[in-house]
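Visitor: My file is coords_25.cif. It has mmCIF, C-alpha atoms:
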```cif
data_entry
loop_
_atom_site.label_atom_id
_atom_site.label_comp_id
_atom_site.auth_asym_id
_atom_site.auth_seq_id
_atom_site.Cartn_x
_atom_site.Cartn_y
_atom_site.Cartn_z
CA MET A 23 -11.46 21.55 13.26
CA SER A 24 -9.65 21.79 9.95
CA SER A 25 -9.94 18.77 7.68
CA LYS A 26 -6.33 19.15 6.52
CA LEU A 27 -4.38 16.03 7.43
CA GLN A 28 -0.68 15.44 8.00
CA VAL A 29 -0.03 12.38 5.88
CA ILE A 30 2.57 9.62 5.94
CA ALA A 31 2.81 8.20 2.42
CA LEU A 32 3.48 4.47 2.19
CA ILE A 33 5.47 4.00 -1.01
CA SER A 34 6.89 1.06 -2.92
CA GLY A 35 8.22 3.08 -5.83
CA GLY A 36 5.35 1.86 -7.99
CA LYS A 37 2.92 3.93 -10.00
CA ASP A 38 0.00 3.73 -7.57
CA SER A 39 1.67 4.83 -4.34
CA LEU A 40 3.19 7.86 -6.07
CA PHE A 41 -0.11 8.77 -7.76
CA SER A 42 -1.82 8.54 -4.37
CA ILE A 43 0.47 11.29 -3.07
CA LEU A 44 -0.81 13.61 -5.82
CA HIS A 45 -4.38 12.95 -4.71
CA CYS A 46 -3.50 13.79 -1.11
CA LEU A 47 -2.02 17.11 -2.17
CA LYS A 48 -4.93 17.87 -4.51
CA ASN A 49 -7.36 17.30 -1.64
CA GLY A 50 -5.57 19.84 0.52
CA HIS A 51 -3.54 17.57 2.79
CA ASP A 52 0.15 17.87 3.68
CA VAL A 53 2.46 14.93 3.07
CA VAL A 54 5.08 15.04 5.83
CA ALA A 55 7.07 11.83 5.27
CA LEU A 56 7.57 8.77 3.10
CA ALA A 57 7.65 5.24 4.53
CA ASN A 58 8.80 2.04 2.85
CA LEU A 59 9.23 -1.62 3.73
CA HIS A 60 11.87 -3.60 1.85
CA PRO A 61 13.24 -7.15 1.86
CA PRO A 62 15.57 -7.98 4.75
CA PRO A 63 19.26 -7.71 3.83
CA PRO A 64 21.11 -10.91 2.98
CA ASP A 65 23.09 -12.65 5.70
CA SER A 66 26.31 -11.43 4.12
CA GLY A 67 27.19 -8.29 2.24
CA PRO A 68 26.08 -4.68 2.74
CA PRO A 69 22.30 -4.08 2.94
CA ASP A 70 22.48 -1.42 0.21
CA ALA A 71 24.24 -3.62 -2.32
CA GLY A 72 21.45 -2.92 -4.81
CA ASP A 73 20.84 -6.61 -5.54
CA GLU A 74 17.34 -7.03 -6.92
CA GLY A 75 17.65 -10.81 -6.58
CA ASP A 76 16.05 -10.52 -3.15
CA ASP A 77 12.70 -9.42 -4.57
CA ILE A 78 10.47 -11.50 -2.31
CA ASN A 79 7.15 -13.12 -3.10
CA SER A 80 5.19 -11.02 -0.63
CA PHE A 81 1.39 -11.14 -0.46
CA MET A 82 1.34 -7.58 0.85
CA TYR A 83 4.22 -5.49 -0.46
CA GLN A 84 5.83 -4.68 -3.81
CA THR A 85 9.56 -5.23 -3.43
CA VAL A 86 10.88 -5.25 -7.00
CA GLY A 87 12.82 -2.03 -7.55
CA HIS A 88 13.29 -1.49 -3.82
CA SER A 89 16.94 -0.43 -4.23
CA ILE A 90 15.92 2.84 -5.93
CA VAL A 91 13.38 3.87 -3.29
CA PRO A 92 15.92 6.11 -1.47
CA LEU A 93 15.97 8.30 -4.58
CA TYR A 94 12.37 9.38 -3.90
CA GLU A 95 13.56 11.23 -0.80
CA GLN A 96 15.60 13.49 -3.07
CA ALA A 97 13.03 13.66 -5.86
CA LEU A 98 10.09 14.57 -3.62
CA LYS A 99 12.03 16.54 -0.99
CA LEU A 100 10.43 14.51 1.79
CA PRO A 101 12.12 12.50 4.58
CA LEU A 102 12.12 8.76 3.97
CA TYR A 103 11.89 6.07 6.65
CA ARG A 104 12.64 2.46 5.74
CA GLN A 105 12.57 -0.84 7.54
CA PRO A 106 12.91 -4.51 6.52
CA ILE A 107 9.93 -6.78 6.05
CA LEU A 108 9.99 -9.51 8.69
CA GLY A 109 7.69 -12.47 8.98
CA ALA A 110 5.53 -13.96 6.26
CA ALA A 111 1.88 -14.13 5.18
CA VAL A 112 0.65 -16.04 8.23
CA ASN A 113 -2.95 -14.85 7.91
CA THR A 114 -3.94 -15.14 4.26
CA ASP A 115 -7.64 -14.42 4.76
CA LYS A 116 -9.05 -11.56 2.70
CA ASP A 117 -9.97 -9.64 5.86
CA TYR A 118 -7.29 -9.12 8.50
CA HIS A 119 -7.50 -9.28 12.25
CA HIS A 120 -4.46 -8.64 14.40
CA ASP A 121 -2.98 -11.78 16.00
CA ALA A 122 -5.27 -14.03 13.94
CA ARG A 123 -3.79 -17.50 13.55
CA PRO A 124 -4.92 -20.53 11.57
CA GLN A 125 -7.50 -22.40 13.61
CA PRO A 126 -7.70 -26.18 14.19
CA PRO A 127 -10.46 -28.11 12.40
CA VAL A 128 -13.92 -27.58 13.91
CA SER A 129 -15.71 -30.66 15.21
CA ALA A 130 -19.09 -31.65 13.79
CA SER A 131 -20.90 -30.64 16.98
CA ALA A 132 -19.25 -27.24 17.03
CA SER A 133 -19.98 -26.57 13.37
CA VAL A 134 -23.71 -26.16 14.06
CA SER A 135 -23.22 -23.18 16.35
CA ALA A 136 -20.58 -21.77 14.01
CA ALA A 137 -22.97 -21.93 11.06
CA ALA A 138 -25.65 -20.14 13.06
CA SER A 139 -23.38 -17.15 13.58
CA SER A 140 -21.86 -17.07 10.09
CA SER A 141 -24.43 -14.75 8.54
CA ALA A 142 -23.20 -11.70 10.46
CA PRO A 143 -19.62 -11.91 9.12
CA ARG A 144 -21.01 -12.36 5.63
CA GLN A 145 -23.14 -9.25 6.04
CA VAL A 146 -20.15 -7.26 7.29
CA ASP A 147 -18.04 -8.53 4.39
CA ALA A 148 -20.74 -7.59 1.90
CA ALA A 149 -20.89 -4.09 3.34
CA ALA A 150 -17.12 -3.76 3.20
CA ALA A 151 -17.12 -4.82 -0.44
CA LYS A 152 -19.30 -1.81 -1.29
CA LEU A 153 -16.93 0.69 0.28
CA THR A 154 -15.00 3.10 -1.87
CA SER A 155 -12.23 5.30 -0.55
CA ALA A 156 -12.83 5.94 3.13
CA SER A 157 -10.75 9.06 2.79
CA SER A 158 -12.99 10.94 0.38
CA ALA A 159 -16.08 10.16 2.46
CA ALA A 160 -14.58 10.88 5.89
CA ASP A 161 -16.33 13.75 7.66
CA ASP A 162 -14.76 16.24 10.05
CA ASP A 163 -16.05 14.35 13.08
CA SER A 164 -14.27 11.14 12.13
CA ILE A 165 -11.08 13.07 11.39
CA ALA A 166 -11.35 14.83 14.73
CA ARG A 167 -11.73 11.51 16.55
CA SER A 168 -8.66 10.09 14.83
CA ALA A 169 -6.63 13.20 15.48
CA ALA A 170 -7.65 13.12 19.14
CA THR A 171 -6.44 9.55 19.35
CA ASN A 172 -3.22 10.63 17.69
CA THR A 173 -2.45 13.14 20.44
CA SER A 174 -2.65 10.46 23.13
CA ARG A 175 -0.36 7.88 21.60
CA GLY A 176 3.03 9.55 21.97
CA HIS A 177 4.20 7.17 24.69
CA ASP A 178 3.75 4.27 22.27
CA HIS A 179 6.29 5.48 19.71
CA GLY A 180 9.30 3.40 18.78
CA PRO A 181 12.86 4.73 18.45
CA GLY A 182 13.60 7.86 16.50
CA PRO A 183 14.35 8.18 12.80
CA GLY A 184 17.17 6.38 11.06
CA ASP A 185 17.17 3.89 8.22
CA ASP A 186 16.55 0.29 9.28
CA SER A 187 16.91 0.99 12.98
CA GLY A 188 14.65 0.50 15.94
CA ASP A 189 12.16 -2.18 16.84
CA ALA A 190 11.84 -4.25 13.69
CA GLY A 191 8.61 -5.96 14.66
CA GLY A 192 7.35 -8.90 12.66
CA GLY A 193 9.76 -11.79 12.62
CA GLY A 194 9.30 -15.23 14.02
CA GLY A 195 5.78 -16.36 13.37
CA ASP A 196 4.34 -12.86 12.97
CA ASP A 197 2.45 -11.83 9.87
CA GLU A 198 4.41 -9.59 7.50
CA THR A 199 1.68 -6.97 7.94
CA GLU A 200 2.98 -6.27 11.44
CA SER A 201 6.23 -4.86 10.04
CA LEU A 202 4.19 -1.71 9.35
CA VAL A 203 3.66 -1.03 13.05
CA PRO A 204 7.25 -0.24 14.14
CA LEU A 205 7.88 1.58 10.87
CA LEU A 206 4.98 3.95 11.41
CA ARG A 207 5.89 4.38 15.08
CA ARG A 208 9.32 5.57 14.01
CA VAL A 209 7.78 8.09 11.64
CA LEU A 210 5.38 9.29 14.33
CA ALA A 211 8.24 9.77 16.78
CA ALA A 212 9.87 12.16 14.32
CA HIS A 213 6.60 13.72 13.08
CA PRO A 214 4.14 13.73 16.01
CA SER A 215 1.67 15.88 14.06
CA ALA A 216 1.14 13.10 11.49
CA ASN A 217 -2.39 11.73 11.70
CA ALA A 218 -3.02 9.88 8.42
CA VAL A 219 -1.52 7.27 6.10
CA CYS A 220 -2.03 7.06 2.33
CA THR A 221 -1.60 4.00 0.13
CA GLY A 222 -2.07 3.10 -3.52
CA ALA A 223 -4.47 0.20 -2.99
CA ILE A 224 -6.98 -0.06 -5.86
CA LEU A 225 -8.89 -3.35 -5.76
CA SER A 226 -7.12 -5.47 -3.13
CA THR A 227 -9.27 -5.89 -0.04
CA TYR A 228 -6.38 -8.00 1.27
CA GLN A 229 -4.08 -4.96 1.28
CA ARG A 230 -6.69 -2.42 2.33
CA THR A 231 -7.88 -4.25 5.45
CA ARG A 232 -4.30 -4.79 6.63
CA VAL A 233 -3.41 -1.13 6.36
CA GLU A 234 -6.68 -0.20 8.06
CA SER A 235 -5.93 -2.61 10.92
CA VAL A 236 -2.56 -1.01 11.58
CA CYS A 237 -3.96 2.52 11.25
CA ALA A 238 -6.77 1.77 13.71
CA ARG A 239 -4.28 0.59 16.31
CA LEU A 240 -2.08 3.67 15.89
CA GLY A 241 -4.91 6.19 15.69
CA LEU A 242 -4.24 7.13 12.07
CA VAL A 243 -6.72 7.95 9.31
CA PRO A 244 -6.31 5.57 6.33
CA LEU A 245 -6.50 7.36 2.99
CA GLY A 246 -7.19 5.36 -0.15
CA TYR A 247 -7.94 7.78 -2.96
CA LEU A 248 -7.40 5.13 -5.63
CA TRP A 249 -9.72 2.57 -4.03
CA GLN A 250 -12.13 1.03 -6.57
CA TYR A 251 -10.83 3.48 -9.20
CA PRO A 252 -12.24 1.51 -12.18
CA ALA A 253 -15.70 1.68 -10.58
CA LEU A 254 -15.66 5.49 -10.59
CA PRO A 255 -16.95 7.58 -13.51
CA PRO A 256 -16.29 7.19 -16.43
CA TYR A 257 -16.18 3.48 -15.47
CA ARG A 258 -13.24 2.44 -17.65
CA ASP A 259 -10.86 -0.32 -16.65
CA ALA A 260 -7.77 1.61 -17.76
CA GLN A 261 -8.90 5.09 -16.67
CA LEU A 262 -6.28 5.19 -13.92
CA LEU A 263 -3.53 4.88 -16.53
CA ARG A 264 -5.16 7.59 -18.65
CA ASP A 265 -5.25 9.92 -15.66
CA MET A 266 -1.59 9.22 -14.89
CA ALA A 267 -0.71 10.15 -18.47
CA ALA A 268 -2.77 13.34 -18.18
CA VAL A 269 -0.59 14.61 -15.31
CA ALA A 270 2.64 13.39 -16.98
CA GLN A 271 3.43 10.70 -14.44
CA ASP A 272 6.00 8.39 -16.00
CA ALA A 273 6.05 4.87 -14.54
CA ARG A 274 8.05 2.10 -16.21
CA ILE A 275 7.27 -1.61 -16.23
CA VAL A 276 10.09 -3.49 -14.50
CA LYS A 277 8.56 -6.94 -14.00
CA VAL A 278 6.05 -9.07 -15.92
CA ALA A 279 4.43 -12.23 -14.59
CA SER A 280 1.42 -13.04 -16.75
CA GLY A 281 0.51 -14.73 -20.00
CA GLY A 282 0.61 -12.29 -22.89
CA LEU A 283 3.25 -10.10 -21.24
CA ASP A 284 6.82 -10.69 -22.37
CA ALA A 285 10.19 -8.96 -22.12
CA GLY A 286 9.07 -6.49 -24.77
CA PHE A 287 6.98 -4.73 -22.11
CA LEU A 288 9.95 -4.02 -19.86
CA TRP A 289 10.83 -0.37 -19.37
CA ARG A 290 7.78 0.78 -21.29
CA ASN A 291 5.80 3.71 -19.88
CA VAL A 292 2.71 1.99 -18.55
CA ALA A 293 0.51 5.00 -19.33
CA GLU A 294 1.45 5.39 -23.01
CA ASP A 295 -1.53 4.87 -25.33
CA ARG A 296 0.13 2.04 -27.23
CA VAL A 297 1.17 0.25 -24.03
CA VAL A 298 -2.31 0.62 -22.54
CA LEU A 299 -3.79 -0.94 -25.67
CA MET A 300 -1.33 -3.84 -25.48
CA LEU A 301 -2.10 -4.37 -21.79
CA ARG A 302 -5.84 -4.38 -22.46
CA ARG A 303 -5.44 -7.00 -25.17
CA ALA A 304 -3.34 -9.20 -22.88
CA ALA A 305 -5.79 -8.72 -20.00
CA ALA A 306 -8.72 -9.71 -22.20
CA ARG A 307 -7.03 -13.02 -23.00
CA PHE A 308 -5.29 -13.96 -19.78
CA GLY A 309 -6.20 -11.59 -16.98
CA GLY A 310 -8.96 -11.11 -14.47
CA GLU A 311 -10.44 -8.00 -12.87
CA GLY A 312 -7.88 -5.21 -12.66
CA ALA A 313 -5.32 -7.03 -14.82
CA VAL A 314 -4.81 -4.01 -17.07
CA LEU A 315 -3.69 -2.14 -13.93
CA GLY A 316 -1.47 -4.96 -12.70
CA GLU A 317 -3.69 -5.55 -9.68
CA GLY A 318 -3.18 -9.30 -9.81
CA GLY A 319 0.61 -9.02 -9.98
CA GLU A 320 0.59 -9.23 -13.79
CA PHE A 321 3.28 -6.55 -13.87
CA GLU A 322 5.11 -4.16 -11.54
CA THR A 323 6.30 -0.61 -12.14
CA VAL A 324 8.61 2.05 -10.79
CA ALA A 325 7.77 5.74 -11.14
CA VAL A 326 10.62 7.71 -12.68
CA ASP A 327 9.04 11.14 -13.13
CA GLY A 328 5.90 13.10 -12.43
CA PRO A 329 4.43 16.22 -10.84
CA GLY A 330 6.41 17.37 -7.83
CA CYS A 331 9.57 15.48 -8.75
CA ASN A 332 12.78 17.45 -8.41
CA LYS A 333 14.72 17.32 -11.67
CA ALA A 334 18.05 18.36 -10.12
#
```
For the structure just supplied, provide its representation as structure tokens.

Guide:
Amino acid sequence: MSSKLQVIALISGGKDSLFSILHCLKNGHDVVALANLHPPPPDSGPPDAGDEGDDINSFMYQTVGHSIVPLYEQALKLPLYRQPILGAAVNTDKDYHHDARPQPPVSASASVSAAASSSAPRQVDAAAAKLTSASSAADDDSIARSAATNTSRGHDHGPGPGDDSGDAGGGGGDDETESLVPLLRRVLAAHPSANAVCTGAILSTYQRTRVESVCARLGLVPLGYLWQYPALPPYRDAQLLRDMAAVAQDARIVKVASGGLDAGFLWRNVAEDRVVLMLRRAAARFGGEGAVLGEGGEFETVAVDGPGCNKA
């Protein structure tokens, strides 16, 4: 079986999700559609009013700049499917399990048996921490298994394409992660050959395990070509930004939320040499791991140009 995948690209408009698309294409895959989750519309007024005041404090999704995401459909010549984010971060554990809910306190007698079984989860977590991109290591057998699952799931699709329509999912007490499920079902209904999903996750196990959970349930291959990017040769914390500059991807900083980053950073190209130097200095003083890449929410970006973008 061919290893070429039909990929749904999850995008936020930020630098990483767009750069991930380039990696999919470079590795011989076809990107068939774009998918995006955005804040729910306000109770009054049109949903496309372009008000960025509804940028929500999501644990999972970038929402700043969401009003320009429809432009990527034109720029990349790919169909875009969007749906509102419903629910909240109910399960805030690093690793995600569907339908997990906060548990009541464990009694003293029960804690003994719980402690006896705690080593296995720690071992699994340690193994997961060593993973790099599952996509680049996936063999043809694993791809074949996922594709086989994909062919049997057609009856589980949601309604057809159309912006913000169909089963919204999430809502109520559901975790915001679950908003991905109906969104991807809508894309699959319109593109039944799709068998993979790509994201721009770099260091966030929180994000990666949630996407993997949804993909596993829908029979999709999760692709994370940027996963653990700073740990790859040449082992430089800002290498991702250097590589973006090398392919002329232009992503502008549109939000700052960290010590050392002020309004002077806004609308700067995040991959410019001078900006990278400034980010490294700020990260050295105030940031943690991945701060120079904005992995801790230090800043957010929107991509305004790059390879494959239509200039018309």

Visitor: Distance CA of Ser39 in chain A-CA of Thr221 in chain A, one decimal place?

Guide: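 These atoms are spaced 5.6 Å apart.
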
Visitor: State, in Å with one decimal place, the distance from CA of Gly282 in chain A to CA of Val314 in chain A.

Guide: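 Separating CA of Gly282 in chain A from CA of Val314 in chain A is a distance of 11.5 Å.
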
Visitor: Counting all atoms listed in the file, figure out which residue out of A:Asn49, A:Asn79, A:Ser226, A:Gln84 gets nearest to Glu311 in chain A.

Guide: A:Ser226

Visitor: Can you list, as a ChimeraX atom specification, the residues that the PyMOL selection byres ((chain A and resi 93-100) around 8) selects here?

Guide: /A:35,54-56,90-92,101-102,330-333

Visitor: Please determine, counting all atoms listed in the file, which residue among A:Cys237, A:Leu44, A:Leu299, A:Ala273 has the shortest atom-to-atom distance to Asp327 in chain A.

Guide: A:Ala273
